[in-house]
file run06.cif (mmCIF, N, CA and C atoms)
data_upload
loop_
_atom_site.label_atom_id
_atom_site.label_comp_id
_atom_site.auth_asym_id
_atom_site.auth_seq_id
_atom_site.Cartn_x
_atom_site.Cartn_y
_atom_site.Cartn_z
N MET A 1 -1.81 -20.15 -102.05
CA MET A 1 -1.36 -19.56 -100.80
C MET A 1 -1.39 -20.59 -99.68
N GLY A 2 -2.53 -21.12 -99.36
CA GLY A 2 -2.61 -22.09 -98.28
C GLY A 2 -2.85 -21.44 -96.94
N ARG A 3 -3.45 -22.19 -96.11
CA ARG A 3 -3.78 -21.71 -94.77
C ARG A 3 -2.76 -22.25 -93.77
N CYS A 4 -2.59 -21.55 -92.70
CA CYS A 4 -1.66 -21.96 -91.65
C CYS A 4 -2.36 -22.86 -90.65
N THR A 5 -1.58 -23.76 -90.09
CA THR A 5 -2.02 -24.58 -88.97
C THR A 5 -1.08 -24.26 -87.82
N TYR A 6 -1.65 -24.09 -86.66
CA TYR A 6 -0.86 -23.76 -85.47
C TYR A 6 -0.78 -24.98 -84.57
N VAL A 7 0.43 -25.29 -84.12
CA VAL A 7 0.69 -26.50 -83.35
C VAL A 7 1.40 -26.11 -82.05
N LEU A 8 0.92 -26.67 -80.96
CA LEU A 8 1.50 -26.46 -79.64
C LEU A 8 2.86 -27.16 -79.56
N THR A 9 3.84 -26.48 -78.99
CA THR A 9 5.15 -27.10 -78.75
C THR A 9 5.41 -27.12 -77.25
N LYS A 10 6.30 -28.00 -76.84
CA LYS A 10 6.59 -28.17 -75.41
C LYS A 10 8.10 -28.31 -75.26
N ASP A 11 8.68 -27.56 -74.33
CA ASP A 11 10.11 -27.62 -74.05
C ASP A 11 10.33 -27.59 -72.54
N THR A 12 11.52 -27.92 -72.15
CA THR A 12 11.92 -27.81 -70.75
C THR A 12 13.09 -26.85 -70.66
N VAL A 13 12.97 -25.89 -69.76
CA VAL A 13 14.03 -24.91 -69.54
C VAL A 13 14.33 -24.89 -68.04
N CYS A 14 15.43 -24.26 -67.70
CA CYS A 14 15.79 -24.08 -66.29
C CYS A 14 15.57 -22.63 -65.90
N ASP A 15 15.00 -22.44 -64.71
CA ASP A 15 14.83 -21.07 -64.23
C ASP A 15 16.12 -20.58 -63.60
N ASP A 16 16.08 -19.41 -63.01
CA ASP A 16 17.29 -18.82 -62.44
C ASP A 16 17.82 -19.59 -61.22
N LYS A 17 17.01 -20.50 -60.67
CA LYS A 17 17.47 -21.34 -59.55
C LYS A 17 17.76 -22.76 -60.01
N GLU A 18 17.89 -22.92 -61.33
CA GLU A 18 18.23 -24.22 -61.96
C GLU A 18 17.13 -25.27 -61.80
N ARG A 19 15.89 -24.83 -61.53
CA ARG A 19 14.76 -25.76 -61.50
C ARG A 19 14.24 -25.93 -62.92
N LYS A 20 13.88 -27.16 -63.26
CA LYS A 20 13.34 -27.43 -64.59
C LYS A 20 11.88 -27.01 -64.65
N ILE A 21 11.53 -26.30 -65.71
CA ILE A 21 10.17 -25.82 -65.93
C ILE A 21 9.73 -26.21 -67.33
N THR A 22 8.51 -26.67 -67.46
CA THR A 22 7.94 -26.96 -68.77
C THR A 22 7.33 -25.68 -69.32
N VAL A 23 7.70 -25.34 -70.54
CA VAL A 23 7.16 -24.16 -71.21
C VAL A 23 6.57 -24.57 -72.55
N TYR A 24 5.65 -23.75 -73.03
CA TYR A 24 4.93 -24.07 -74.26
C TYR A 24 5.05 -22.93 -75.26
N GLY A 25 5.09 -23.29 -76.51
CA GLY A 25 5.16 -22.33 -77.59
C GLY A 25 4.24 -22.76 -78.71
N VAL A 26 4.38 -22.10 -79.85
CA VAL A 26 3.51 -22.37 -80.99
C VAL A 26 4.33 -22.33 -82.27
N ASP A 27 4.12 -23.35 -83.11
CA ASP A 27 4.67 -23.36 -84.46
C ASP A 27 3.57 -23.00 -85.43
N CYS A 28 3.91 -22.22 -86.43
CA CYS A 28 3.00 -21.89 -87.52
C CYS A 28 3.46 -22.72 -88.72
N ILE A 29 2.59 -23.61 -89.19
CA ILE A 29 2.94 -24.53 -90.27
C ILE A 29 2.10 -24.19 -91.50
N LYS A 30 2.79 -24.08 -92.63
CA LYS A 30 2.11 -23.78 -93.89
C LYS A 30 2.72 -24.64 -94.98
N ASN A 31 1.87 -25.31 -95.73
CA ASN A 31 2.33 -26.20 -96.79
C ASN A 31 3.32 -27.24 -96.26
N GLY A 32 3.07 -27.72 -95.03
CA GLY A 32 3.88 -28.77 -94.45
C GLY A 32 5.21 -28.33 -93.87
N LYS A 33 5.47 -27.02 -93.84
CA LYS A 33 6.74 -26.51 -93.31
C LYS A 33 6.50 -25.52 -92.18
N ILE A 34 7.37 -25.57 -91.19
CA ILE A 34 7.30 -24.58 -90.11
C ILE A 34 7.82 -23.26 -90.68
N ILE A 35 6.95 -22.26 -90.73
CA ILE A 35 7.38 -20.97 -91.27
C ILE A 35 7.64 -19.95 -90.19
N LYS A 36 7.04 -20.15 -89.02
CA LYS A 36 7.30 -19.30 -87.86
C LYS A 36 7.19 -20.16 -86.62
N SER A 37 8.00 -19.86 -85.65
CA SER A 37 7.99 -20.62 -84.41
C SER A 37 8.36 -19.69 -83.26
N VAL A 38 7.57 -19.75 -82.21
CA VAL A 38 7.87 -18.98 -81.01
C VAL A 38 7.78 -19.93 -79.83
N SER A 39 8.87 -20.06 -79.11
CA SER A 39 8.90 -20.96 -77.96
C SER A 39 8.80 -20.16 -76.67
N ASP A 40 8.55 -20.87 -75.59
CA ASP A 40 8.58 -20.28 -74.25
C ASP A 40 7.65 -19.07 -74.12
N ILE A 41 6.41 -19.25 -74.59
CA ILE A 41 5.41 -18.18 -74.44
C ILE A 41 4.61 -18.39 -73.16
N PHE A 42 4.27 -19.63 -72.88
CA PHE A 42 3.37 -19.96 -71.77
C PHE A 42 4.03 -20.95 -70.82
N THR A 43 3.61 -20.89 -69.56
CA THR A 43 3.98 -21.93 -68.59
C THR A 43 2.76 -22.79 -68.26
N ASP A 44 1.59 -22.34 -68.67
CA ASP A 44 0.35 -23.06 -68.42
C ASP A 44 -0.09 -23.77 -69.71
N GLU A 45 -0.19 -25.10 -69.65
CA GLU A 45 -0.52 -25.87 -70.85
C GLU A 45 -1.91 -25.56 -71.39
N MET A 46 -2.90 -25.38 -70.52
CA MET A 46 -4.26 -25.08 -70.99
C MET A 46 -4.32 -23.72 -71.68
N GLN A 47 -3.63 -22.75 -71.14
CA GLN A 47 -3.60 -21.43 -71.77
C GLN A 47 -2.96 -21.53 -73.15
N ALA A 48 -1.89 -22.30 -73.26
CA ALA A 48 -1.21 -22.49 -74.54
C ALA A 48 -2.12 -23.21 -75.53
N LYS A 49 -2.81 -24.24 -75.06
CA LYS A 49 -3.72 -24.98 -75.93
C LYS A 49 -4.87 -24.11 -76.39
N ASP A 50 -5.43 -23.33 -75.48
CA ASP A 50 -6.53 -22.42 -75.83
C ASP A 50 -6.09 -21.41 -76.89
N PHE A 51 -4.90 -20.86 -76.74
CA PHE A 51 -4.38 -19.91 -77.71
C PHE A 51 -4.19 -20.56 -79.08
N THR A 52 -3.59 -21.75 -79.09
CA THR A 52 -3.36 -22.46 -80.35
C THR A 52 -4.69 -22.80 -81.02
N ASP A 53 -5.66 -23.27 -80.23
CA ASP A 53 -6.98 -23.57 -80.77
C ASP A 53 -7.64 -22.33 -81.36
N LEU A 54 -7.53 -21.20 -80.67
CA LEU A 54 -8.10 -19.95 -81.16
C LEU A 54 -7.47 -19.54 -82.49
N CYS A 55 -6.16 -19.66 -82.59
CA CYS A 55 -5.47 -19.33 -83.84
C CYS A 55 -5.99 -20.20 -84.99
N ASN A 56 -6.18 -21.48 -84.73
CA ASN A 56 -6.68 -22.38 -85.77
C ASN A 56 -8.14 -22.11 -86.12
N ARG A 57 -8.97 -21.92 -85.11
CA ARG A 57 -10.40 -21.66 -85.36
C ARG A 57 -10.61 -20.37 -86.15
N SER A 58 -9.82 -19.36 -85.83
CA SER A 58 -9.99 -18.07 -86.50
C SER A 58 -9.20 -17.98 -87.81
N GLU A 59 -8.50 -19.08 -88.15
CA GLU A 59 -7.69 -19.13 -89.37
C GLU A 59 -6.74 -17.93 -89.44
N LEU A 60 -6.05 -17.72 -88.34
CA LEU A 60 -5.12 -16.59 -88.22
C LEU A 60 -4.05 -16.64 -89.31
N SER A 61 -3.87 -15.54 -89.99
CA SER A 61 -2.82 -15.43 -91.00
C SER A 61 -1.46 -15.36 -90.32
N GLU A 62 -0.46 -15.93 -90.96
CA GLU A 62 0.88 -15.84 -90.41
C GLU A 62 1.35 -14.40 -90.28
N LEU A 63 0.75 -13.51 -91.05
CA LEU A 63 1.10 -12.08 -90.99
C LEU A 63 0.73 -11.47 -89.64
N HIS A 64 -0.24 -12.07 -88.96
CA HIS A 64 -0.72 -11.53 -87.68
C HIS A 64 -0.29 -12.38 -86.49
N PHE A 65 0.52 -13.39 -86.73
CA PHE A 65 0.96 -14.32 -85.68
C PHE A 65 1.67 -13.59 -84.54
N LYS A 66 2.65 -12.76 -84.86
CA LYS A 66 3.40 -12.04 -83.83
C LYS A 66 2.49 -11.09 -83.05
N ASP A 67 1.57 -10.42 -83.76
CA ASP A 67 0.65 -9.51 -83.07
C ASP A 67 -0.24 -10.27 -82.09
N ALA A 68 -0.70 -11.45 -82.49
CA ALA A 68 -1.55 -12.27 -81.61
C ALA A 68 -0.77 -12.69 -80.36
N ILE A 69 0.49 -13.04 -80.55
CA ILE A 69 1.33 -13.42 -79.39
C ILE A 69 1.54 -12.21 -78.49
N ASP A 70 1.85 -11.06 -79.09
CA ASP A 70 2.01 -9.84 -78.28
C ASP A 70 0.74 -9.54 -77.48
N ASP A 71 -0.42 -9.70 -78.12
CA ASP A 71 -1.69 -9.43 -77.43
C ASP A 71 -1.90 -10.38 -76.26
N VAL A 72 -1.63 -11.67 -76.45
CA VAL A 72 -1.86 -12.63 -75.38
C VAL A 72 -0.87 -12.41 -74.22
N LEU A 73 0.32 -11.94 -74.51
CA LEU A 73 1.29 -11.68 -73.45
C LEU A 73 0.94 -10.45 -72.63
N LEU A 74 0.18 -9.53 -73.23
CA LEU A 74 -0.22 -8.32 -72.53
C LEU A 74 -1.42 -8.52 -71.61
N THR A 75 -2.10 -9.67 -71.77
CA THR A 75 -3.29 -9.91 -70.94
C THR A 75 -2.96 -10.67 -69.69
#
call {"tool": "encode", "arguments": {"input": "run06.cif", "output": "structure tokens"}}
result
Amino acid sequence: MGRCTYVLTKDTVCDDKERKITVYGVDCIKNGKIIKSVSDIFTDEMQAKDFTDLCNRSELSELHFKDAIDDVLLT
């Protein structure tokens, strides 16, 4: 089966006033392949890093990845 590793991603997007904003997401990697990826979850790098670290420390299953993202967005 193998365990997932979660990796922070970084992108630049434009807001509705055409200002560039850095946003962060998370890739779920298993057996060396990205199996799930969600971009543009966070605008705060530390919050994104803390979430990614928590996913790795808790050995979050890819089956619960979307639920974890939904939970963090609700807080």
call {"tool": "closest_residue", "arguments": {"input": "run06.cif", "among": "A:Ser37, A:Thr22, A:Gln47, A:Thr9", "to": "A:Lys66", "atoms": "only C-alpha atoms"}}
result
A:Ser37
call {"tool": "resolve_selection", "arguments": {"input": "run06.cif", "expression": "the PyMOL selection byres ((chain A and resi 53-65) around 8)", "output": "count of residues only"}}
result
21
call {"tool": "atom_distance", "arguments": {"input": "run06.cif", "atom1": "atom CA of A:Asp44", "atom2": "atom CA of A:Ile29"}}
result
22.1 Å
call {"tool": "resolve_selection", "arguments": {"input": "run06.cif", "expression": "the PyMOL selection byres ((chain A and resi 10) around 5)", "output": "ChimeraX atom specification"}}
result
/A:8-9,11-12,23-25
call {"tool": "write_last_selection", "arguments": {"input": "run06.cif", "atoms": "N, CA and C atoms", "output": "PDB file, in the frame of the given file"}}
result
ATOM      1  N   LEU A   8       0.920 -26.670 -80.960  1.00  0.00           N
ATOM      2  CA  LEU A   8       1.500 -26.460 -79.640  1.00  0.00           C
ATOM      3  C   LEU A   8       2.860 -27.160 -79.560  1.00  0.00           C
ATOM      4  N   THR A   9       3.840 -26.480 -78.990  1.00  0.00           N
ATOM      5  CA  THR A   9       5.150 -27.100 -78.750  1.00  0.00           C
ATOM      6  C   THR A   9       5.410 -27.120 -77.250  1.00  0.00           C
ATOM      7  N   ASP A  11       8.680 -27.560 -74.330  1.00  0.00           N
ATOM      8  CA  ASP A  11      10.110 -27.620 -74.050  1.00  0.00           C
ATOM      9  C   ASP A  11      10.330 -27.590 -72.540  1.00  0.00           C
ATOM     10  N   THR A  12      11.520 -27.920 -72.150  1.00  0.00           N
ATOM     11  CA  THR A  12      11.920 -27.810 -70.750  1.00  0.00           C
ATOM     12  C   THR A  12      13.090 -26.850 -70.660  1.00  0.00           C
ATOM     13  N   VAL A  23       7.700 -25.340 -70.540  1.00  0.00           N
ATOM     14  CA  VAL A  23       7.160 -24.160 -71.210  1.00  0.00           C
ATOM     15  C   VAL A  23       6.570 -24.570 -72.550  1.00  0.00           C
ATOM     16  N   TYR A  24       5.650 -23.750 -73.030  1.00  0.00           N
ATOM     17  CA  TYR A  24       4.930 -24.070 -74.260  1.00  0.00           C
ATOM     18  C   TYR A  24       5.050 -22.930 -75.260  1.00  0.00           C
ATOM     19  N   GLY A  25       5.090 -23.290 -76.510  1.00  0.00           N
ATOM     20  CA  GLY A  25       5.160 -22.330 -77.590  1.00  0.00           C
ATOM     21  C   GLY A  25       4.240 -22.760 -78.710  1.00  0.00           C
TER      22      GLY A  25
END
call {"tool": "atom_distance", "arguments": {"input": "run06.cif", "atom1": "atom CA of A:Gly2", "atom2": "atom CA of A:Asp27"}}
result
15.7 Å
call {"tool": "atom_distance", "arguments": {"input": "run06.cif", "atom1": "atom CA of A:Asp15", "atom2": "atom CA of A:Leu74"}}
result
21.4 Å
call {"tool": "select_by_dssp", "arguments": {"input": "run06.cif", "residues": "chain A", "states": "strand (DSSP E)", "output": "JSON, numbers by chain"}}
result
{"A": [4, 5, 6, 7, 8, 9, 10, 11, 12, 13, 14, 20, 21, 22, 23, 24, 25, 26, 27, 28, 29, 30, 33, 34, 35, 36, 37, 38, 39, 40, 41, 42]}
call {"tool": "write_last_selection", "arguments": {"input": "run06.cif", "atoms": "N, CA and C atoms", "output": "short mmCIF file (atom, residue, chain, number, x, y, z; two decimals), in the frame of the given file"}}
result
data_model
loop_
_atom_site.label_atom_id
_atom_site.label_comp_id
_atom_site.auth_asym_id
_atom_site.auth_seq_id
_atom_site.Cartn_x
_atom_site.Cartn_y
_atom_site.Cartn_z
N CYS A 4 -2.59 -21.55 -92.70
CA CYS A 4 -1.66 -21.96 -91.65
C CYS A 4 -2.36 -22.86 -90.65
N THR A 5 -1.58 -23.76 -90.09
CA THR A 5 -2.02 -24.58 -88.97
C THR A 5 -1.08 -24.26 -87.82
N TYR A 6 -1.65 -24.09 -86.66
CA TYR A 6 -0.86 -23.76 -85.47
C TYR A 6 -0.78 -24.98 -84.57
N VAL A 7 0.43 -25.29 -84.12
CA VAL A 7 0.69 -26.50 -83.35
C VAL A 7 1.40 -26.11 -82.05
N LEU A 8 0.92 -26.67 -80.96
CA LEU A 8 1.50 -26.46 -79.64
C LEU A 8 2.86 -27.16 -79.56
N THR A 9 3.84 -26.48 -78.99
CA THR A 9 5.15 -27.10 -78.75
C THR A 9 5.41 -27.12 -77.25
N LYS A 10 6.30 -28.00 -76.84
CA LYS A 10 6.59 -28.17 -75.41
C LYS A 10 8.10 -28.31 -75.26
N ASP A 11 8.68 -27.56 -74.33
CA ASP A 11 10.11 -27.62 -74.05
C ASP A 11 10.33 -27.59 -72.54
N THR A 12 11.52 -27.92 -72.15
CA THR A 12 11.92 -27.81 -70.75
C THR A 12 13.09 -26.85 -70.66
N VAL A 13 12.97 -25.89 -69.76
CA VAL A 13 14.03 -24.91 -69.54
C VAL A 13 14.33 -24.89 -68.04
N CYS A 14 15.43 -24.26 -67.70
CA CYS A 14 15.79 -24.08 -66.29
C CYS A 14 15.57 -22.63 -65.90
N LYS A 20 13.88 -27.16 -63.26
CA LYS A 20 13.34 -27.43 -64.59
C LYS A 20 11.88 -27.01 -64.65
N ILE A 21 11.53 -26.30 -65.71
CA ILE A 21 10.17 -25.82 -65.93
C ILE A 21 9.73 -26.21 -67.33
N THR A 22 8.51 -26.67 -67.46
CA THR A 22 7.94 -26.96 -68.77
C THR A 22 7.33 -25.68 -69.32
N VAL A 23 7.70 -25.34 -70.54
CA VAL A 23 7.16 -24.16 -71.21
C VAL A 23 6.57 -24.57 -72.55
N TYR A 24 5.65 -23.75 -73.03
CA TYR A 24 4.93 -24.07 -74.26
C TYR A 24 5.05 -22.93 -75.26
N GLY A 25 5.09 -23.29 -76.51
CA GLY A 25 5.16 -22.33 -77.59
C GLY A 25 4.24 -22.76 -78.71
N VAL A 26 4.38 -22.10 -79.85
CA VAL A 26 3.51 -22.37 -80.99
C VAL A 26 4.33 -22.33 -82.27
N ASP A 27 4.12 -23.35 -83.11
CA ASP A 27 4.67 -23.36 -84.46
C ASP A 27 3.57 -23.00 -85.43
N CYS A 28 3.91 -22.22 -86.43
CA CYS A 28 3.00 -21.89 -87.52
C CYS A 28 3.46 -22.72 -88.72
N ILE A 29 2.59 -23.61 -89.19
CA ILE A 29 2.94 -24.53 -90.27
C ILE A 29 2.10 -24.19 -91.50
N LYS A 30 2.79 -24.08 -92.63
CA LYS A 30 2.11 -23.78 -93.89
C LYS A 30 2.72 -24.64 -94.98
N LYS A 33 5.47 -27.02 -93.84
CA LYS A 33 6.74 -26.51 -93.31
C LYS A 33 6.50 -25.52 -92.18
N ILE A 34 7.37 -25.57 -91.19
CA ILE A 34 7.30 -24.58 -90.11
C ILE A 34 7.82 -23.26 -90.68
N ILE A 35 6.95 -22.26 -90.73
CA ILE A 35 7.38 -20.97 -91.27
C ILE A 35 7.64 -19.95 -90.19
N LYS A 36 7.04 -20.15 -89.02
CA LYS A 36 7.30 -19.30 -87.86
C LYS A 36 7.19 -20.16 -86.62
N SER A 37 8.00 -19.86 -85.65
CA SER A 37 7.99 -20.62 -84.41
C SER A 37 8.36 -19.69 -83.26
N VAL A 38 7.57 -19.75 -82.21
CA VAL A 38 7.87 -18.98 -81.01
C VAL A 38 7.78 -19.93 -79.83
N SER A 39 8.87 -20.06 -79.11
CA SER A 39 8.90 -20.96 -77.96
C SER A 39 8.80 -20.16 -76.67
N ASP A 40 8.55 -20.87 -75.59
CA ASP A 40 8.58 -20.28 -74.25
C ASP A 40 7.65 -19.07 -74.12
N ILE A 41 6.41 -19.25 -74.59
CA ILE A 41 5.41 -18.18 -74.44
C ILE A 41 4.61 -18.39 -73.16
N PHE A 42 4.27 -19.63 -72.88
CA PHE A 42 3.37 -19.96 -71.77
C PHE A 42 4.03 -20.95 -70.82
#
call {"tool": "closest_residue", "arguments": {"input": "run06.cif", "among": "A:Met46, A:Val13, A:Val72, A:Ile41", "to": "A:Val26", "atoms": "all atoms listed in the file"}}
result
A:Ile41
call {"tool": "axis_aligned_box", "arguments": {"input": "run06.cif", "around": "stretch 39-54 of chain A", "padding_each_side": "6 Å", "output": "lines of an AutoDock Vina configuration file"}}
result
center_x = 0.4
center_y = -22.0
center_z = -75.4
size_x = 29.0
size_y = 19.7
size_z = 26.2
call {"tool": "select_by_dssp", "arguments": {"input": "run06.cif", "residues": "chain A", "states": "alpha helix (DSSP H)", "output": "list in words"}}
result
Glu45, Met46, Gln47, Ala48, Lys49, Asp50, Phe51, Thr52, Asp53, Leu54, Cys55, Asn56, Arg57, Phe65, Lys66, Asp67, Ala68, Ile69, Asp70, Asp71, Val72, Leu73 and Leu74 of chain A
call {"tool": "decode", "arguments": {"input": "run06.cif", "residues": "stretch 36-47 of chain A", "atoms": "N, CA and C atoms", "output": "mmCIF file, in the first residue's frame"}}
result
data_model
loop_
_atom_site.group_PDB
_atom_site.id
_atom_site.type_symbol
_atom_site.label_atom_id
_atom_site.label_comp_id
_atom_site.auth_asym_id
_atom_site.auth_seq_id
_atom_site.Cartn_x
_atom_site.Cartn_y
_atom_site.Cartn_z
ATOM 1 N N LYS A 36 -3.143 13.018 -5.501
ATOM 2 C CA LYS A 36 -4.160 14.044 -5.275
ATOM 3 C C LYS A 36 -3.444 15.376 -5.122
ATOM 4 N N SER A 37 -4.072 16.412 -5.602
ATOM 5 C CA SER A 37 -3.477 17.735 -5.520
ATOM 6 C C SER A 37 -4.592 18.765 -5.377
ATOM 7 N N VAL A 38 -4.420 19.650 -4.418
ATOM 8 C CA VAL A 38 -5.376 20.739 -4.240
ATOM 9 C C VAL A 38 -4.572 22.027 -4.152
ATOM 10 N N SER A 39 -4.844 22.944 -5.052
ATOM 11 C CA SER A 39 -4.117 24.213 -5.059
ATOM 12 C C SER A 39 -4.992 25.315 -4.482
ATOM 13 N N ASP A 40 -4.364 26.434 -4.194
ATOM 14 C CA ASP A 40 -5.082 27.642 -3.781
ATOM 15 C C ASP A 40 -5.976 27.406 -2.562
ATOM 16 N N ILE A 41 -5.403 26.752 -1.540
ATOM 17 C CA ILE A 41 -6.144 26.541 -0.290
ATOM 18 C C ILE A 41 -5.860 27.678 0.684
ATOM 19 N N PHE A 42 -4.611 28.089 0.742
ATOM 20 C CA PHE A 42 -4.155 29.061 1.743
ATOM 21 C C PHE A 42 -3.512 30.269 1.070
ATOM 22 N N THR A 43 -3.586 31.408 1.758
ATOM 23 C CA THR A 43 -2.803 32.580 1.348
ATOM 24 C C THR A 43 -1.677 32.828 2.342
ATOM 25 N N ASP A 44 -1.721 32.146 3.478
ATOM 26 C CA ASP A 44 -0.705 32.287 4.511
ATOM 27 C C ASP A 44 0.238 31.079 4.459
ATOM 28 N N GLU A 45 1.523 31.332 4.223
ATOM 29 C CA GLU A 45 2.483 30.246 4.071
ATOM 30 C C GLU A 45 2.645 29.418 5.345
ATOM 31 N N MET A 46 2.660 30.057 6.511
ATOM 32 C CA MET A 46 2.824 29.307 7.767
ATOM 33 C C MET A 46 1.621 28.404 8.027
ATOM 34 N N GLN A 47 0.439 28.886 7.745
ATOM 35 C CA GLN A 47 -0.757 28.066 7.923
ATOM 36 C C GLN A 47 -0.697 26.856 6.993
#
